[in-house]
Amino acid sequence: MALLTWKDAYSVKIKQIDDQHKVLIDMINELNDAMAQGKAKDALGAILDKLVSYAASHFALEEGLLQTHGYEGYQDHKDKHVKMTAKVLDLQRQFKSGQAAMTIEVMNFLKNWLDKHIIGTDMKYSAFLNSKGVQ
Ligand SMILES: [Fe+2]
Ligand SMILES: [Fe+2]
């Protein structure tokens, strides 16, 4: 069963960004399924690596759009990405070093990490970017 499901409330009304958020949701679900199936550490690590690198490129895309269009909350949004990235890199490091296992708690952390950011932070630029013709 999917840990996280796309819903209309996640839509920032920008196709490329919604599509990327869907990919991030898929990756979290893939990791959750792999964990639930008891897949080996290397397999879980590979999915986590993919998630980390996709998130980095997604954050860069958002930051580029916000900067290009002169969004006033740009720095604050970027700071949130930096903090999210630091947390997930820390998780990746702990997992790889064997200090942490992939658990339901970790999966819930990743789920909330994405859900809260889309709803609480990404949503704030939606109307602004739409008003600049970004759809
Ligand atoms: Fe986002
Ligand atoms: Fe964001």
# chains A, B, ... in the order shown; residues from 1 in each chain; ligands from 1

$ closest_atom_pairs --of "chain A" --to "ligand 2" --cutoff "7 Å" --atoms "only C-alpha atoms and all ligand atoms" --output "Markdown table"
| residue | atom | partner | partner_atom_place_in_ligand_line | distance |
| --- | --- | --- | --- | --- |
| A:Phe59 | CA | ligand 2 | 1 (Fe) | 5.9 |
| A:Glu62 | CA | ligand 2 | 1 (Fe) | 6.2 |
| A:His77 | CA | ligand 2 | 1 (Fe) | 6.3 |
| A:His81 | CA | ligand 2 | 1 (Fe) | 6.2 |
| A:His117 | CA | ligand 2 | 1 (Fe) | 6.3 |
| A:Ile118 | CA | ligand 2 | 1 (Fe) | 6.6 |
| A:Thr121 | CA | ligand 2 | 1 (Fe) | 6.2 |
| A:Asp122 | CA | ligand 2 | 1 (Fe) | 4.8 |

$ closest_atom_pairs --of "range 37-80 of chain A" --to "range 88-106 of chain A" --cutoff "8 Å" --atoms "only C-alpha atoms" --output "CSV"
residue,atom,partner,partner_atom,distance
A:Leu44,CA,A:Met102,CA,7.8
A:Gly45,CA,A:Lys96,CA,7.0
A:Leu48,CA,A:Gln92,CA,7.0
A:Asp49,CA,A:Gln92,CA,7.6
A:Val52,CA,A:Val88,CA,7.1

$ write_last_selection --atoms "C-alpha atoms" --output "PDB file, in the first residue's frame"
ATOM      1  CA  LEU A  44      17.285   0.460   0.024  1.00  0.00           C
ATOM      2  CA  GLY A  45      20.407   2.617  -0.112  1.00  0.00           C
ATOM      3  CA  LEU A  48      17.508   6.574  -0.991  1.00  0.00           C
ATOM      4  CA  ASP A  49      20.391   7.842  -3.167  1.00  0.00           C
ATOM      5  CA  VAL A  52      18.372  12.491  -2.456  1.00  0.00           C
TER       6      VAL A  52
END

$ residues_around --residues "His21 in chain A" --least-positions-apart "5" --cutoff "9 Å" --atoms "only C-alpha atoms" --output "list in words"
Trp6, Tyr10, Ser11, Gln16, Asp26, His58, Leu114 and Ile118 of chain A

$ closest_residue --among "A:Met1, A:Ala56, A:Leu31, A:Leu66" --to "Met107 in chain A" --atoms "only C-alpha atoms"
A:Leu31

$ closest_residue --among "A:Ile47, A:Trp113, A:Met35, A:Ala40" --to "Lys83 in chain A" --atoms "only C-alpha atoms"
A:Trp113

$ closest_residue --among "A:Lys41, A:His69, A:Lys7, A:Lys78" --to "ligand 1" --atoms "only C-alpha atoms and all ligand atoms"
A:Lys78

$ closest_residue --among "A:Thr5, A:Asn108, A:Ser126, A:Ser131" --to "ligand 1" --atoms "only C-alpha atoms and all ligand atoms"
A:Ser126

$ atom_distance --atom1 "CA of Gly64 in chain A" --atom2 "CA of Lys13 in chain A"
17.1 Å

$ atom_distance --atom1 "CA of Lys87 in chain A" --atom2 "CA of Lys111 in chain A"
13.1 Å
